[in-house]
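Source file: data_31.cif; contents: mmCIF, N, CA and C atoms.
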data_data
loop_
_atom_site.label_atom_id
_atom_site.label_comp_id
_atom_site.auth_asym_id
_atom_site.auth_seq_id
_atom_site.Cartn_x
_atom_site.Cartn_y
_atom_site.Cartn_z
N GLN A 105 -50.22 185.60 -7.90
CA GLN A 105 -51.37 186.32 -8.37
C GLN A 105 -52.51 186.19 -7.36
N LEU A 106 -53.32 187.19 -7.30
CA LEU A 106 -54.52 187.15 -6.49
C LEU A 106 -55.71 186.92 -7.40
N ALA A 107 -56.55 186.02 -7.02
CA ALA A 107 -57.74 185.75 -7.82
C ALA A 107 -58.91 185.50 -6.89
N CYS A 108 -60.09 185.93 -7.31
CA CYS A 108 -61.28 185.72 -6.52
C CYS A 108 -62.43 185.41 -7.46
N PRO A 109 -62.81 184.15 -7.58
CA PRO A 109 -63.95 183.83 -8.44
C PRO A 109 -65.19 184.58 -8.00
N LEU A 110 -65.95 185.06 -8.96
CA LEU A 110 -67.11 185.89 -8.64
C LEU A 110 -68.12 185.17 -7.76
N ASP A 111 -68.19 183.85 -7.83
CA ASP A 111 -69.17 183.14 -7.01
C ASP A 111 -68.77 183.06 -5.53
N LEU A 112 -67.57 183.56 -5.18
CA LEU A 112 -67.15 183.57 -3.78
C LEU A 112 -67.49 184.88 -3.07
N GLY A 113 -68.15 185.79 -3.74
CA GLY A 113 -68.51 187.05 -3.11
C GLY A 113 -67.29 187.91 -2.85
N CYS A 114 -66.58 188.29 -3.89
CA CYS A 114 -65.36 189.08 -3.77
C CYS A 114 -65.62 190.40 -3.07
N HIS A 115 -64.58 190.87 -2.40
CA HIS A 115 -64.64 192.18 -1.76
C HIS A 115 -63.25 192.79 -1.80
N SER A 116 -63.17 194.08 -1.58
CA SER A 116 -61.88 194.77 -1.54
C SER A 116 -61.10 194.29 -0.33
N VAL A 117 -59.77 194.20 -0.49
CA VAL A 117 -58.90 193.85 0.63
C VAL A 117 -58.54 195.15 1.34
N LYS A 118 -58.78 195.17 2.64
CA LYS A 118 -58.58 196.38 3.44
C LYS A 118 -57.49 196.16 4.48
N ASN A 119 -56.98 197.26 5.00
CA ASN A 119 -55.99 197.21 6.07
C ASN A 119 -56.52 196.35 7.22
N GLY A 120 -55.71 195.40 7.67
CA GLY A 120 -56.09 194.53 8.78
C GLY A 120 -56.77 193.24 8.37
N ASP A 121 -57.15 193.10 7.08
CA ASP A 121 -57.80 191.87 6.62
C ASP A 121 -56.84 190.69 6.69
N MET A 122 -57.37 189.51 6.97
CA MET A 122 -56.62 188.27 6.91
C MET A 122 -56.83 187.67 5.53
N ILE A 123 -55.71 187.30 4.87
CA ILE A 123 -55.80 186.70 3.54
C ILE A 123 -54.93 185.44 3.49
N ARG A 124 -55.18 184.63 2.46
CA ARG A 124 -54.33 183.49 2.11
C ARG A 124 -53.98 183.68 0.64
N LEU A 125 -52.69 183.56 0.30
CA LEU A 125 -52.24 183.72 -1.07
C LEU A 125 -51.98 182.34 -1.67
N GLN A 126 -52.64 182.06 -2.80
CA GLN A 126 -52.55 180.76 -3.44
C GLN A 126 -51.87 180.90 -4.79
N HIS A 127 -50.85 180.08 -5.03
CA HIS A 127 -50.13 180.08 -6.30
C HIS A 127 -51.08 179.56 -7.39
N VAL A 128 -51.15 180.28 -8.49
CA VAL A 128 -52.11 179.96 -9.53
C VAL A 128 -51.86 178.58 -10.13
N ASN A 129 -50.60 178.24 -10.43
CA ASN A 129 -50.31 176.97 -11.10
C ASN A 129 -50.33 175.77 -10.17
N THR A 130 -49.69 175.87 -9.00
CA THR A 130 -49.58 174.71 -8.11
C THR A 130 -50.74 174.60 -7.12
N LYS A 131 -51.46 175.69 -6.93
CA LYS A 131 -52.56 175.78 -5.96
C LYS A 131 -52.08 175.68 -4.51
N ARG A 132 -50.78 175.78 -4.27
CA ARG A 132 -50.24 175.76 -2.91
C ARG A 132 -50.36 177.16 -2.31
N PHE A 133 -50.44 177.22 -0.97
CA PHE A 133 -50.58 178.49 -0.26
C PHE A 133 -49.23 178.98 0.25
N LEU A 134 -49.03 180.31 0.23
CA LEU A 134 -47.86 180.91 0.85
C LEU A 134 -47.92 180.60 2.33
N HIS A 135 -46.84 180.05 2.88
CA HIS A 135 -46.87 179.44 4.22
C HIS A 135 -45.60 179.81 4.99
N SER A 136 -45.72 179.92 6.29
CA SER A 136 -44.54 180.06 7.13
C SER A 136 -44.76 179.32 8.43
N HIS A 137 -43.66 179.03 9.10
CA HIS A 137 -43.68 178.26 10.34
C HIS A 137 -42.36 178.49 11.07
N LEU A 138 -42.22 177.95 12.24
CA LEU A 138 -41.03 178.20 13.06
C LEU A 138 -39.87 177.27 12.69
N HIS A 139 -39.39 177.42 11.46
CA HIS A 139 -38.19 176.71 11.00
C HIS A 139 -37.25 177.75 10.43
N ALA A 140 -35.94 177.52 10.57
CA ALA A 140 -34.94 178.45 10.04
C ALA A 140 -34.83 178.31 8.53
N SER A 141 -34.71 179.44 7.85
CA SER A 141 -34.52 179.44 6.40
C SER A 141 -33.08 179.02 6.08
N PRO A 142 -32.85 178.46 4.87
CA PRO A 142 -31.54 177.89 4.57
C PRO A 142 -30.39 178.88 4.42
N LEU A 143 -30.64 180.10 3.98
CA LEU A 143 -29.55 181.05 3.75
C LEU A 143 -29.31 182.00 4.91
N SER A 144 -30.35 182.61 5.40
CA SER A 144 -30.20 183.67 6.42
C SER A 144 -30.53 183.21 7.83
N ASN A 145 -31.09 182.02 7.98
CA ASN A 145 -31.54 181.51 9.28
C ASN A 145 -32.68 182.33 9.88
N GLN A 146 -33.37 183.11 9.03
CA GLN A 146 -34.58 183.78 9.49
C GLN A 146 -35.72 182.77 9.40
N GLN A 147 -36.94 183.20 9.65
CA GLN A 147 -38.08 182.28 9.61
C GLN A 147 -38.39 181.87 8.18
N GLU A 148 -38.44 180.57 7.93
CA GLU A 148 -38.64 180.04 6.59
C GLU A 148 -40.04 180.35 6.04
N VAL A 149 -40.10 180.60 4.73
CA VAL A 149 -41.35 180.76 3.99
C VAL A 149 -41.34 179.74 2.87
N SER A 150 -42.47 179.09 2.66
CA SER A 150 -42.58 178.05 1.63
C SER A 150 -43.99 178.06 1.06
N CYS A 151 -44.30 177.07 0.27
CA CYS A 151 -45.66 176.84 -0.20
C CYS A 151 -46.16 175.55 0.42
N TYR A 152 -47.45 175.49 0.72
CA TYR A 152 -47.98 174.37 1.49
C TYR A 152 -49.38 174.03 1.01
N GLY A 153 -49.77 172.79 1.22
CA GLY A 153 -51.12 172.34 0.89
C GLY A 153 -51.09 171.29 -0.19
N ASP A 154 -52.25 170.71 -0.45
CA ASP A 154 -52.33 169.64 -1.45
C ASP A 154 -52.99 170.13 -2.74
N GLY A 155 -53.21 171.42 -2.85
CA GLY A 155 -53.81 171.96 -4.06
C GLY A 155 -55.31 172.21 -3.96
N SER A 156 -55.95 171.71 -2.90
CA SER A 156 -57.38 171.96 -2.73
C SER A 156 -57.57 173.25 -1.94
N HIS A 157 -58.70 173.89 -2.15
CA HIS A 157 -58.98 175.15 -1.45
C HIS A 157 -59.04 174.96 0.07
N GLU A 158 -59.39 173.77 0.51
CA GLU A 158 -59.56 173.50 1.93
C GLU A 158 -58.26 173.06 2.61
N SER A 159 -57.20 172.79 1.84
CA SER A 159 -55.96 172.30 2.43
C SER A 159 -55.20 173.42 3.13
N GLY A 160 -54.18 173.03 3.86
CA GLY A 160 -53.35 174.00 4.55
C GLY A 160 -53.70 174.10 6.02
N ASP A 161 -53.10 175.08 6.68
CA ASP A 161 -53.35 175.30 8.10
C ASP A 161 -53.18 176.77 8.43
N THR A 162 -53.13 177.12 9.70
CA THR A 162 -53.06 178.53 10.09
C THR A 162 -51.75 179.18 9.67
N GLY A 163 -50.73 178.38 9.33
CA GLY A 163 -49.48 178.92 8.82
C GLY A 163 -49.61 179.58 7.46
N ASP A 164 -50.79 179.46 6.84
CA ASP A 164 -51.06 180.07 5.54
C ASP A 164 -51.73 181.44 5.66
N ASN A 165 -51.97 181.91 6.87
CA ASN A 165 -52.75 183.13 7.08
C ASN A 165 -51.84 184.34 7.27
N TRP A 166 -52.18 185.42 6.57
CA TRP A 166 -51.40 186.66 6.58
C TRP A 166 -52.33 187.85 6.80
N ARG A 167 -51.85 188.84 7.53
CA ARG A 167 -52.62 190.08 7.76
C ARG A 167 -52.04 191.17 6.86
N VAL A 168 -52.91 191.88 6.16
CA VAL A 168 -52.50 192.96 5.27
C VAL A 168 -52.35 194.24 6.09
N GLU A 169 -51.19 194.89 5.95
CA GLU A 169 -50.95 196.20 6.58
C GLU A 169 -50.74 197.23 5.48
N ILE A 170 -51.60 198.23 5.46
CA ILE A 170 -51.53 199.30 4.47
C ILE A 170 -51.26 200.60 5.21
N ASP A 171 -50.19 201.31 4.84
CA ASP A 171 -49.92 202.61 5.46
C ASP A 171 -51.07 203.55 5.16
N GLY A 172 -51.59 204.19 6.18
CA GLY A 172 -52.68 205.12 6.01
C GLY A 172 -54.04 204.47 5.91
N ASN A 173 -54.11 203.16 6.22
CA ASN A 173 -55.37 202.41 6.15
C ASN A 173 -55.90 202.33 4.73
N GLY A 174 -57.20 202.19 4.58
CA GLY A 174 -57.81 202.12 3.26
C GLY A 174 -57.79 200.75 2.64
N GLN A 175 -58.00 200.71 1.31
CA GLN A 175 -58.06 199.47 0.53
C GLN A 175 -56.73 199.24 -0.18
N TRP A 176 -56.42 197.96 -0.41
CA TRP A 176 -55.21 197.59 -1.16
C TRP A 176 -55.48 197.84 -2.63
N LYS A 177 -54.63 198.67 -3.25
CA LYS A 177 -54.76 198.99 -4.67
C LYS A 177 -53.51 198.53 -5.42
N ARG A 178 -53.68 198.25 -6.69
CA ARG A 178 -52.56 197.83 -7.53
C ARG A 178 -51.39 198.83 -7.38
N SER A 179 -50.19 198.29 -7.26
CA SER A 179 -48.93 199.04 -7.14
C SER A 179 -48.74 199.72 -5.78
N GLN A 180 -49.69 199.62 -4.88
CA GLN A 180 -49.56 200.24 -3.56
C GLN A 180 -48.73 199.35 -2.65
N PRO A 181 -47.69 199.90 -2.01
CA PRO A 181 -46.89 199.09 -1.09
C PRO A 181 -47.70 198.67 0.14
N ILE A 182 -47.54 197.41 0.50
CA ILE A 182 -48.19 196.85 1.69
C ILE A 182 -47.18 195.97 2.42
N ARG A 183 -47.53 195.59 3.63
CA ARG A 183 -46.78 194.56 4.35
C ARG A 183 -47.72 193.39 4.61
N LEU A 184 -47.16 192.19 4.61
CA LEU A 184 -47.90 191.00 4.98
C LEU A 184 -47.31 190.45 6.27
N GLN A 185 -48.13 190.47 7.32
CA GLN A 185 -47.69 189.96 8.62
C GLN A 185 -48.24 188.56 8.83
N HIS A 186 -47.34 187.62 9.13
CA HIS A 186 -47.75 186.24 9.37
C HIS A 186 -48.54 186.20 10.68
N ILE A 187 -49.76 185.70 10.63
CA ILE A 187 -50.65 185.77 11.79
C ILE A 187 -50.13 184.92 12.94
N ASP A 188 -49.63 183.71 12.68
CA ASP A 188 -49.19 182.84 13.78
C ASP A 188 -47.97 183.37 14.51
N THR A 189 -47.02 183.99 13.78
CA THR A 189 -45.75 184.37 14.39
C THR A 189 -45.54 185.88 14.49
N HIS A 190 -46.41 186.66 13.87
CA HIS A 190 -46.36 188.13 13.89
C HIS A 190 -45.14 188.71 13.18
N LYS A 191 -44.46 187.92 12.35
CA LYS A 191 -43.32 188.42 11.58
C LYS A 191 -43.78 188.79 10.18
N TYR A 192 -42.94 189.59 9.49
CA TYR A 192 -43.30 190.17 8.20
C TYR A 192 -42.62 189.44 7.04
N LEU A 193 -43.38 189.23 5.94
CA LEU A 193 -42.83 188.66 4.73
C LEU A 193 -41.72 189.58 4.24
N HIS A 194 -40.54 189.02 3.93
CA HIS A 194 -39.32 189.81 3.81
C HIS A 194 -38.39 189.22 2.75
N SER A 195 -37.67 190.05 2.03
CA SER A 195 -36.64 189.59 1.11
C SER A 195 -35.69 190.74 0.80
N HIS A 196 -34.42 190.41 0.57
CA HIS A 196 -33.46 191.41 0.12
C HIS A 196 -32.31 190.74 -0.61
N ALA A 197 -31.56 191.53 -1.35
CA ALA A 197 -30.54 191.01 -2.27
C ALA A 197 -29.35 190.35 -1.57
N ALA A 198 -29.18 190.54 -0.29
CA ALA A 198 -28.02 189.96 0.41
C ALA A 198 -28.07 188.44 0.47
N HIS A 199 -29.26 187.86 0.33
CA HIS A 199 -29.40 186.41 0.42
C HIS A 199 -29.98 185.87 -0.89
N ARG A 200 -29.07 185.43 -1.78
CA ARG A 200 -29.45 184.89 -3.09
C ARG A 200 -28.99 183.43 -3.19
N TYR A 201 -29.83 182.63 -3.81
CA TYR A 201 -29.51 181.22 -4.02
C TYR A 201 -28.48 181.08 -5.15
N ARG A 202 -27.70 180.00 -5.07
CA ARG A 202 -26.78 179.65 -6.16
C ARG A 202 -27.39 178.52 -6.98
N ASN A 203 -27.66 177.40 -6.36
CA ASN A 203 -28.25 176.25 -7.05
C ASN A 203 -29.41 175.73 -6.22
N PRO A 204 -30.47 175.27 -6.74
CA PRO A 204 -30.77 175.05 -8.16
C PRO A 204 -31.44 176.25 -8.83
N ILE A 205 -31.57 177.36 -8.11
CA ILE A 205 -32.26 178.53 -8.66
C ILE A 205 -31.35 179.76 -8.56
N PRO A 206 -30.27 179.80 -9.35
CA PRO A 206 -29.28 180.87 -9.22
C PRO A 206 -29.88 182.26 -9.40
N GLY A 207 -29.48 183.15 -8.47
CA GLY A 207 -29.91 184.54 -8.54
C GLY A 207 -31.22 184.85 -7.86
N GLN A 208 -32.01 183.83 -7.52
CA GLN A 208 -33.29 184.07 -6.85
C GLN A 208 -33.05 184.46 -5.39
N GLN A 209 -33.75 185.47 -4.93
CA GLN A 209 -33.63 185.92 -3.54
C GLN A 209 -34.41 185.01 -2.60
N GLU A 210 -33.85 184.78 -1.43
CA GLU A 210 -34.57 184.05 -0.39
C GLU A 210 -35.70 184.93 0.14
N VAL A 211 -36.86 184.34 0.34
CA VAL A 211 -37.99 185.03 0.96
C VAL A 211 -38.19 184.40 2.33
N THR A 212 -38.26 185.25 3.36
CA THR A 212 -38.35 184.79 4.74
C THR A 212 -39.39 185.63 5.48
N CYS A 213 -39.49 185.39 6.77
CA CYS A 213 -40.23 186.28 7.66
C CYS A 213 -39.24 186.91 8.62
N PHE A 214 -39.44 188.19 8.92
CA PHE A 214 -38.51 188.98 9.72
C PHE A 214 -39.31 189.71 10.80
N ALA A 215 -38.73 189.87 11.95
CA ALA A 215 -39.46 190.40 13.11
C ALA A 215 -39.77 191.89 13.04
N TYR A 216 -39.01 192.66 12.26
CA TYR A 216 -39.15 194.11 12.29
C TYR A 216 -39.59 194.67 10.95
N LYS A 217 -40.31 195.79 11.00
CA LYS A 217 -40.72 196.48 9.78
C LYS A 217 -39.53 197.23 9.20
N ASN A 218 -39.32 197.08 7.89
CA ASN A 218 -38.36 197.89 7.16
C ASN A 218 -38.73 197.85 5.68
N ASN A 219 -37.94 198.52 4.83
CA ASN A 219 -38.27 198.59 3.41
C ASN A 219 -38.15 197.25 2.70
N ASP A 220 -37.46 196.28 3.29
CA ASP A 220 -37.32 194.96 2.68
C ASP A 220 -38.54 194.08 2.90
N ASN A 221 -39.55 194.59 3.61
CA ASN A 221 -40.79 193.83 3.72
C ASN A 221 -41.99 194.62 3.21
N LEU A 222 -41.73 195.48 2.22
CA LEU A 222 -42.80 196.15 1.48
C LEU A 222 -43.02 195.39 0.17
N TRP A 223 -44.27 195.12 -0.16
CA TRP A 223 -44.65 194.36 -1.36
C TRP A 223 -45.74 195.11 -2.10
N SER A 224 -45.86 194.84 -3.40
CA SER A 224 -46.98 195.41 -4.16
C SER A 224 -47.44 194.38 -5.19
N ALA A 225 -48.70 194.48 -5.55
CA ALA A 225 -49.28 193.61 -6.59
C ALA A 225 -49.19 194.37 -7.90
N GLU A 226 -48.43 193.83 -8.84
CA GLU A 226 -48.28 194.47 -10.14
C GLU A 226 -49.07 193.73 -11.21
N GLU A 227 -49.16 192.41 -11.06
CA GLU A 227 -49.87 191.58 -12.03
C GLU A 227 -50.91 190.77 -11.28
N GLY A 228 -51.89 190.32 -11.97
CA GLY A 228 -52.90 189.49 -11.34
C GLY A 228 -54.24 189.63 -12.02
N ILE A 229 -55.22 189.11 -11.36
CA ILE A 229 -56.59 189.19 -11.84
C ILE A 229 -57.32 190.14 -10.91
N TYR A 230 -57.82 191.22 -11.45
CA TYR A 230 -58.48 192.24 -10.64
C TYR A 230 -59.94 192.31 -11.04
N TYR A 231 -60.79 192.32 -10.06
CA TYR A 231 -62.23 192.41 -10.28
C TYR A 231 -62.72 193.77 -9.81
N PRO A 232 -63.67 194.37 -10.51
CA PRO A 232 -64.22 195.63 -10.04
C PRO A 232 -64.97 195.39 -8.72
N PRO A 233 -64.99 196.40 -7.85
CA PRO A 233 -65.75 196.25 -6.59
C PRO A 233 -67.21 195.93 -6.85
N GLN A 234 -67.76 195.04 -6.05
CA GLN A 234 -69.19 194.73 -6.17
C GLN A 234 -70.00 195.77 -5.42
N LYS A 235 -71.15 196.08 -5.97
CA LYS A 235 -71.99 197.11 -5.34
C LYS A 235 -73.08 196.48 -4.53
#
If you took the structure in this file and wrote it as structure tokens, what would it be?
Amino acid sequence: QLACPLDLGCHSVKNGDMIRLQHVNTKRFLHSHLHASPLSNQQEVSCYGDGSHESGDTGDNWRVEIDGNGQWKRSQPIRLQHIDTHKYLHSHAAHRYRNPIPGQQEVTCFAYKNNDNLWSAEEGIYYPPQK
């Protein structure tokens, strides 16, 4: 989920913006680094940090790519490019876990743009644009 407390001066996310995605329950950040993933041997994606807003490192930073520029809107497909490695957040059905999370797809980073690295926000906390 994406959340932005009003006291942080929320703004619309635009094409080219750098963002960090934080898991609501664990407070860990979506993270990647130069390690091979367990199923596909692509670049591993994990969660990182100690739960504080200040924790983490540059491996938590992602650039938003929106076809046709503009602002990121609910249900609109986007790509997330990992800033440190320039690879794209990626997943597809060919790589599924068996245990301990049967049926869950592996999420990795991949060097090339394709339909398996298109994402959309369907649920979350949305704030109206500030004027």
Contacts of Asn219 (chain A) at 8 Å or less, counting all atoms listed in the file, minus same-chain residues fewer than 5 places along, as a CSV table (one decimal) with N, CA and C atoms, in the coordinates of the input?
chain,number,residue,atom,x,y,z
A,194,HIS,N,-40.5,189.0,3.9
A,194,HIS,CA,-39.3,189.8,3.8
A,194,HIS,C,-38.4,189.2,2.8
A,195,SER,N,-37.7,190.0,2.0
A,195,SER,CA,-36.6,189.6,1.1
A,195,SER,C,-35.7,190.7,0.8
A,196,HIS,N,-34.4,190.4,0.6
A,196,HIS,CA,-33.5,191.4,0.1
A,196,HIS,C,-32.3,190.7,-0.6
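The two atoms in question, CA of His139 (chain A) and CA of Asp171 (chain A), are spaced 29.0 Å apart.
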Shell around Trp176 (chain A) at 8 Å using only C-alpha atoms, local window under 6 positions removed, as a PyMOL selection string = chain A and resi 116-119+170+182
- request: Decode the PyMOL selection byres ((chain A and resi 124) around 6.5) for the given file into explicit residues and return them as JSON, numbers by chain.
  value: {"A": [122, 123, 125, 126, 133, 134, 164, 165, 166]}
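Of the listed residues (A:Ile187, A:Ser150, A:Asp121, A:Ser136), A:Asp121 comes nearest to Gln175 (chain A); the distances count only C-alpha atoms.
A straight line drawn from CA of Asn221 (chain A) to CA of Asp154 (chain A) is 27.3 Å long.
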Run DSSP on the backbone and give me the residues of region 140-224 of chain A it puts in strand (DSSP E or B), as a PyMOL selection string. chain A and resi 140+147-152+166-169+175+182-186+192-200+209-214+223
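Here, the PyMOL selection byres (((chain A and resi 181 and name CA) around 7) and name CA) matches A:Ser179, A:Gln180, A:Ile182, A:Leu222, A:Trp223, A:Ser224.
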Practice item. Quick one: pull the distance between atom C of Val168 (chain A) and atom C of Arg183 (chain A), Å, one decimal. Key: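 Answer for the atom C of Val168 (chain A) to atom C of Arg183 (chain A) separation: 4.9 Å.
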Exercise: residues within 7 Å of coordinate (-37.9, 178.4, 7.5), counting all atoms listed in the file, as a VMD selection string: chain A and resid 136 to 142 145 to 150 212
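Closest approach to Lys191 (chain A) among A:His127, A:Lys217, A:Lys177, A:Arg132 is made by A:Lys217 (distances from only N, CA and C atoms).
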Take every atom of region 204-209 of chain A listed in the file, fit an axis-aligned box around them, add 3 Å per side, and give the centre and edge lengths in Å to one decimal as JSON.
{"center_x": -31.8, "center_y": 180.5, "center_z": -6.0, "size_x": 11.1, "size_y": 16.9, "size_z": 12.8}
message = With the PyMOL selection byres (((chain A and resi 197-202 and name CA) around 10) and name CA) as the selection, what would be picked from this file? Answer as a ChimeraX atom specification, please.
response = /A:142-144,195-196,203-211,220
- prompt: With only N, CA and C atoms as the atoms that count, which of A:Gly172, A:Val128, A:Glu158, A:Tyr192 lies nearest to Asn218 (chain A)?
  reply: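 Closest residue, counting only N, CA and C atoms: A:Tyr192.
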- Taking only C-alpha atoms into account, which of A:Arg167, A:His135, A:Gly155, A:Arg178 comes nearest Ala225 (chain A)?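 Smallest separation from Ala225 (chain A) among the options: A:Arg178.
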Expected file for region 131-151 of chain A keeping N, CA, C and O atoms, as a PDB file, in the first residue's frame:
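Listed below is the output, selection12.pdb:
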ATOM      1  N   LYS A 131       6.584  -2.317   8.140  1.00  0.00           N
ATOM      2  CA  LYS A 131       7.321  -1.054   7.972  1.00  0.00           C
ATOM      3  C   LYS A 131       8.649  -1.244   7.232  1.00  0.00           C
ATOM      4  O   LYS A 131       9.472  -0.349   7.197  1.00  0.00           O
ATOM      5  N   ARG A 132       8.869  -2.398   6.620  1.00  0.00           N
ATOM      6  CA  ARG A 132      10.080  -2.645   5.832  1.00  0.00           C
ATOM      7  C   ARG A 132       9.888  -2.058   4.434  1.00  0.00           C
ATOM      8  O   ARG A 132       8.777  -1.952   3.931  1.00  0.00           O
ATOM      9  N   PHE A 133      11.011  -1.692   3.793  1.00  0.00           N
ATOM     10  CA  PHE A 133      10.976  -1.100   2.461  1.00  0.00           C
ATOM     11  C   PHE A 133      11.236  -2.145   1.381  1.00  0.00           C
ATOM     12  O   PHE A 133      12.056  -3.056   1.564  1.00  0.00           O
ATOM     13  N   LEU A 134      10.555  -1.999   0.229  1.00  0.00           N
ATOM     14  CA  LEU A 134      10.848  -2.830  -0.930  1.00  0.00           C
ATOM     15  C   LEU A 134      12.284  -2.554  -1.335  1.00  0.00           C
ATOM     16  O   LEU A 134      12.673  -1.401  -1.522  1.00  0.00           O
ATOM     17  N   HIS A 135      13.090  -3.605  -1.479  1.00  0.00           N
ATOM     18  CA  HIS A 135      14.544  -3.462  -1.592  1.00  0.00           C
ATOM     19  C   HIS A 135      15.086  -4.415  -2.656  1.00  0.00           C
ATOM     20  O   HIS A 135      14.558  -5.505  -2.845  1.00  0.00           O
ATOM     21  N   SER A 136      16.146  -4.014  -3.314  1.00  0.00           N
ATOM     22  CA  SER A 136      16.859  -4.929  -4.201  1.00  0.00           C
ATOM     23  C   SER A 136      18.347  -4.645  -4.114  1.00  0.00           C
ATOM     24  O   SER A 136      18.772  -3.580  -3.662  1.00  0.00           O
ATOM     25  N   HIS A 137      19.120  -5.627  -4.539  1.00  0.00           N
ATOM     26  CA  HIS A 137      20.582  -5.545  -4.469  1.00  0.00           C
ATOM     27  C   HIS A 137      21.154  -6.595  -5.419  1.00  0.00           C
ATOM     28  O   HIS A 137      20.424  -7.378  -6.002  1.00  0.00           O
ATOM     29  N   LEU A 138      22.446  -6.625  -5.565  1.00  0.00           N
ATOM     30  CA  LEU A 138      23.085  -7.518  -6.533  1.00  0.00           C
ATOM     31  C   LEU A 138      23.288  -8.927  -5.963  1.00  0.00           C
ATOM     32  O   LEU A 138      24.423  -9.394  -5.803  1.00  0.00           O
ATOM     33  N   HIS A 139      22.185  -9.599  -5.668  1.00  0.00           N
ATOM     34  CA  HIS A 139      22.197 -11.000  -5.252  1.00  0.00           C
ATOM     35  C   HIS A 139      21.226 -11.747  -6.151  1.00  0.00           C
ATOM     36  O   HIS A 139      20.195 -11.199  -6.559  1.00  0.00           O
ATOM     37  N   ALA A 140      21.527 -13.013  -6.435  1.00  0.00           N
ATOM     38  CA  ALA A 140      20.654 -13.827  -7.282  1.00  0.00           C
ATOM     39  C   ALA A 140      19.423 -14.275  -6.502  1.00  0.00           C
ATOM     40  O   ALA A 140      19.520 -14.664  -5.341  1.00  0.00           O
ATOM     41  N   SER A 141      18.280 -14.234  -7.162  1.00  0.00           N
ATOM     42  CA  SER A 141      17.036 -14.714  -6.544  1.00  0.00           C
ATOM     43  C   SER A 141      17.041 -16.248  -6.511  1.00  0.00           C
ATOM     44  O   SER A 141      17.693 -16.895  -7.329  1.00  0.00           O
ATOM     45  N   PRO A 142      16.290 -16.851  -5.567  1.00  0.00           N
ATOM     46  CA  PRO A 142      16.386 -18.297  -5.370  1.00  0.00           C
ATOM     47  C   PRO A 142      15.807 -19.161  -6.488  1.00  0.00           C
ATOM     48  O   PRO A 142      16.292 -20.264  -6.711  1.00  0.00           O
ATOM     49  N   LEU A 143      14.806 -18.702  -7.212  1.00  0.00           N
ATOM     50  CA  LEU A 143      14.182 -19.543  -8.237  1.00  0.00           C
ATOM     51  C   LEU A 143      14.715 -19.290  -9.639  1.00  0.00           C
ATOM     52  O   LEU A 143      15.050 -20.224 -10.354  1.00  0.00           O
ATOM     53  N   SER A 144      14.785 -18.057 -10.045  1.00  0.00           N
ATOM     54  CA  SER A 144      15.136 -17.721 -11.430  1.00  0.00           C
ATOM     55  C   SER A 144      16.573 -17.242 -11.603  1.00  0.00           C
ATOM     56  O   SER A 144      17.026 -17.073 -12.730  1.00  0.00           O
ATOM     57  N   ASN A 145      17.273 -16.991 -10.508  1.00  0.00           N
ATOM     58  CA  ASN A 145      18.628 -16.424 -10.542  1.00  0.00           C
ATOM     59  C   ASN A 145      18.669 -15.024 -11.141  1.00  0.00           C
ATOM     60  O   ASN A 145      19.717 -14.567 -11.593  1.00  0.00           O
ATOM     61  N   GLN A 146      17.519 -14.345 -11.171  1.00  0.00           N
ATOM     62  CA  GLN A 146      17.511 -12.937 -11.547  1.00  0.00           C
ATOM     63  C   GLN A 146      17.891 -12.133 -10.305  1.00  0.00           C
ATOM     64  O   GLN A 146      18.233 -12.696  -9.278  1.00  0.00           O
ATOM     65  N   GLN A 147      17.831 -10.813 -10.391  1.00  0.00           N
ATOM     66  CA  GLN A 147      18.204  -9.976  -9.245  1.00  0.00           C
ATOM     67  C   GLN A 147      17.153 -10.076  -8.147  1.00  0.00           C
ATOM     68  O   GLN A 147      15.971  -9.859  -8.378  1.00  0.00           O
ATOM     69  N   GLU A 148      17.592 -10.407  -6.940  1.00  0.00           N
ATOM     70  CA  GLU A 148      16.696 -10.623  -5.811  1.00  0.00           C
ATOM     71  C   GLU A 148      15.993  -9.331  -5.373  1.00  0.00           C
ATOM     72  O   GLU A 148      16.578  -8.256  -5.401  1.00  0.00           O
ATOM     73  N   VAL A 149      14.736  -9.479  -4.946  1.00  0.00           N
ATOM     74  CA  VAL A 149      13.958  -8.398  -4.344  1.00  0.00           C
ATOM     75  C   VAL A 149      13.503  -8.893  -2.978  1.00  0.00           C
ATOM     76  O   VAL A 149      13.095 -10.045  -2.826  1.00  0.00           O
ATOM     77  N   SER A 150      13.595  -8.027  -1.980  1.00  0.00           N
ATOM     78  CA  SER A 150      13.224  -8.401  -0.614  1.00  0.00           C
ATOM     79  C   SER A 150      12.650  -7.175   0.092  1.00  0.00           C
ATOM     80  O   SER A 150      12.415  -6.148  -0.531  1.00  0.00           O
ATOM     81  N   CYS A 151      12.461  -7.295   1.379  1.00  0.00           N
ATOM     82  CA  CYS A 151      12.096  -6.155   2.220  1.00  0.00           C
ATOM     83  C   CYS A 151      13.259  -5.889   3.157  1.00  0.00           C
ATOM     84  O   CYS A 151      13.952  -6.818   3.585  1.00  0.00           O
TER      85      CYS A 151
END
